[in-house]
Amino acid sequence: MSEDSTGSGRRATGRRRKPRRRALRVVAWTAAGVVVLGGAGLGYLYVKFNGNIKSVDIDAALGKDRPQDVDNGSMDILVLGSDSRAGANAEYGQDDGGSARSDTAMIVHLYEGHKAASIVSIPRDTLVTRPPCQTANGKTNPGGTRKMFNESFTVGGAACAVKTVEKMSGIRMDHYIEVDFTGFKKIIDKLGGVKVTTTKPIKDHGSHLDLPAGTHTLDGEQALGLVRTRKSIGDGSDLGRIQVQQAFIKALIKQVKGIGLFDDPKRLLDLADTSTKAITTDSKLGDVKSLMSFAAGLKGIDSSNMHMITLPVGADRIDPDRVAPLPKETQLVWDALLKDQPVPAAATENSAGDKGGTGSLVQ
């Protein structure tokens, strides 16, 4: 396996007919709130909720050193779940000086027509080549090879995370959405919890979770515990946790589409208020009107139209506690998304991800 463990995708020429810039911990954790916000269609939402949204100007930070947009009707979104222990998140561990890492990262590819999506989870301990990034104090971190993926967010925030993904894939991220621990919990609680069935008991001291086998309606704290669970499932690696997260996302999306939020205006507005406070977006999604337009393009997607995979990886040849992208298989993923085509099965056949069956623990 080569030391430079990143792929180099290719962009076709042309322009893309789509917005040029942009929950959980996942797309659903964020999209759950955003979709209902888009469905409300009430003019005063702009005034009431516009000030809630935090945004980052990715375009200004990255300039022109980015992959080219193409005109194929697709859209690519980087969704991050951040693990900062600052503020209300302090109960999950000691604050490390205000910095955070991307505890969960997903590339969400919406196919032309926005009726289906492929979601590629990037393991946080994937060794990649990180490009130079500007830090919070205005200095430049030189980056380099064999850097853990989730450190990009720590080094340079959202802009560095986007830049790293774009250098890995050759795919321009149209949007960026981020949610942290506390925001995730609040969204789930405002939804009234999420109903899941666990096929085996899950008990994890690290994530404060104790679920017997059976059907449960998880509140925000329990849901967060589930998506953070790692050591007590599978082989204890981040790869097993990713499968559980993906299963949870599908359960959440299925529930959001079936609980009749639009029949309960107060509940809808409460959820919209919570969701807009919980997320950070790129500046092109940094107002309610833009979020409403973005949400309109997500309504046609349900869990049955979402293909979820883990970036094809294997154990790193030097450090067995880290993983590295499989060059050939990873390139199959990037090429498929660049061409707006389904990810071929061959891309994941040799991957250490999507193995072990931990995703079947949650239904």
# chains A, B, ... in the order shown; residues from 1 in each chain; ligands from 1
>>> closest_atom_pairs(of="stretch 255-333 of chain A", to="stretch 167-176 of chain A", cutoff="10 Å", atoms="only C-alpha atoms", output="tab-separated table")
residue	atom	partner	partner_atom	distance
A:Thr280	CA	A:Tyr176	CA	8.0
A:Thr281	CA	A:Tyr176	CA	5.3
A:Asp282	CA	A:Tyr176	CA	5.2
A:Ser283	CA	A:His175	CA	8.8
A:Lys284	CA	A:His175	CA	7.6
A:Leu285	CA	A:His175	CA	7.6
A:Phe294	CA	A:His175	CA	9.8
A:Pro325	CA	A:Met168	CA	9.8
A:Thr330	CA	A:Ser169	CA	8.6
A:Gln331	CA	A:Ser169	CA	8.0
A:Val333	CA	A:Ser169	CA	8.8
>>> select_by_dssp(residues="stretch 216-319 of chain A", states="alpha helix (DSSP H)", output="ChimeraX atom specification")
/A:220-228,238-256,265-278,288-296
>>> closest_residue(among="A:Val362, A:Leu311, A:Leu80, A:Ile242", to="A:Thr197", atoms="only C-alpha atoms")
A:Val362
>>> residues_around(residues="A:Leu218", least_positions_apart="3", cutoff="12 Å", atoms="only C-alpha atoms", output="ChimeraX atom specification")
/A:185,188-198,209-211,214-215,221-227,248,251-252,362
>>> residues_around(residues="A:Ala345", least_positions_apart="2", cutoff="12 Å", atoms="only C-alpha atoms", output="list in words")
His307, Met308, Ile309, Pro312, Glu329, Thr330, Leu332, Val333, Ala336, Pro342, Val343, Ala347, Thr348, Glu349, Asn350, Ser351 and Asp354 of chain A
>>> atom_distance(atom1="atom CA of A:Arg66", atom2="atom CA of A:Leu78")
14.5 Å
>>> closest_residue(among="A:Met292, A:Leu127, A:Val120, A:Val179", to="A:Gly353", atoms="only C-alpha atoms")
A:Val120
>>> select_by_dssp(residues="stretch 206-258 of chain A", states="strand (DSSP E or B)", output="ChimeraX atom specification")
/A:209-211,214-218
>>> write_last_selection(atoms="N, CA and C atoms", output="JSON list (two decimals), in the first residue's frame")
[["chain", "number", "residue", "atom", "x", "y", "z"],
["A", 209, "LEU", "N", -24.54, 3.89, 27.44],
["A", 209, "LEU", "CA", -25.69, 3.26, 26.81],
["A", 209, "LEU", "C", -25.89, 1.85, 27.37],
["A", 210, "ASP", "N", -27.14, 1.53, 27.69],
["A", 210, "ASP", "CA", -27.48, 0.19, 28.18],
["A", 210, "ASP", "C", -28.85, -0.17, 27.62],
["A", 211, "LEU", "N", -28.86, -0.89, 26.49],
["A", 211, "LEU", "CA", -30.10, -1.26, 25.82],
["A", 211, "LEU", "C", -30.22, -2.77, 25.75],
["A", 214, "GLY", "N", -34.49, -5.63, 21.75],
["A", 214, "GLY", "CA", -35.90, -5.30, 21.66],
["A", 214, "GLY", "C", -36.12, -3.94, 21.02],
["A", 215, "THR", "N", -37.36, -3.48, 21.07],
["A", 215, "THR", "CA", -37.75, -2.22, 20.44],
["A", 215, "THR", "C", -37.73, -1.10, 21.48],
["A", 216, "HIS", "N", -37.14, 0.01, 21.10],
["A", 216, "HIS", "CA", -36.98, 1.15, 22.01],
["A", 216, "HIS", "C", -37.29, 2.45, 21.28],
["A", 217, "THR", "N", -37.81, 3.42, 22.00],
["A", 217, "THR", "CA", -37.88, 4.79, 21.50],
["A", 217, "THR", "C", -36.78, 5.56, 22.21],
["A", 218, "LEU", "N", -35.73, 5.86, 21.48],
["A", 218, "LEU", "CA", -34.55, 6.48, 22.08],
["A", 218, "LEU", "C", -34.73, 7.99, 22.19]]
>>> closest_residue(among="A:Asn305, A:Thr276, A:Asn52, A:Ser293", to="A:Ile253", atoms="only C-alpha atoms")
A:Asn305
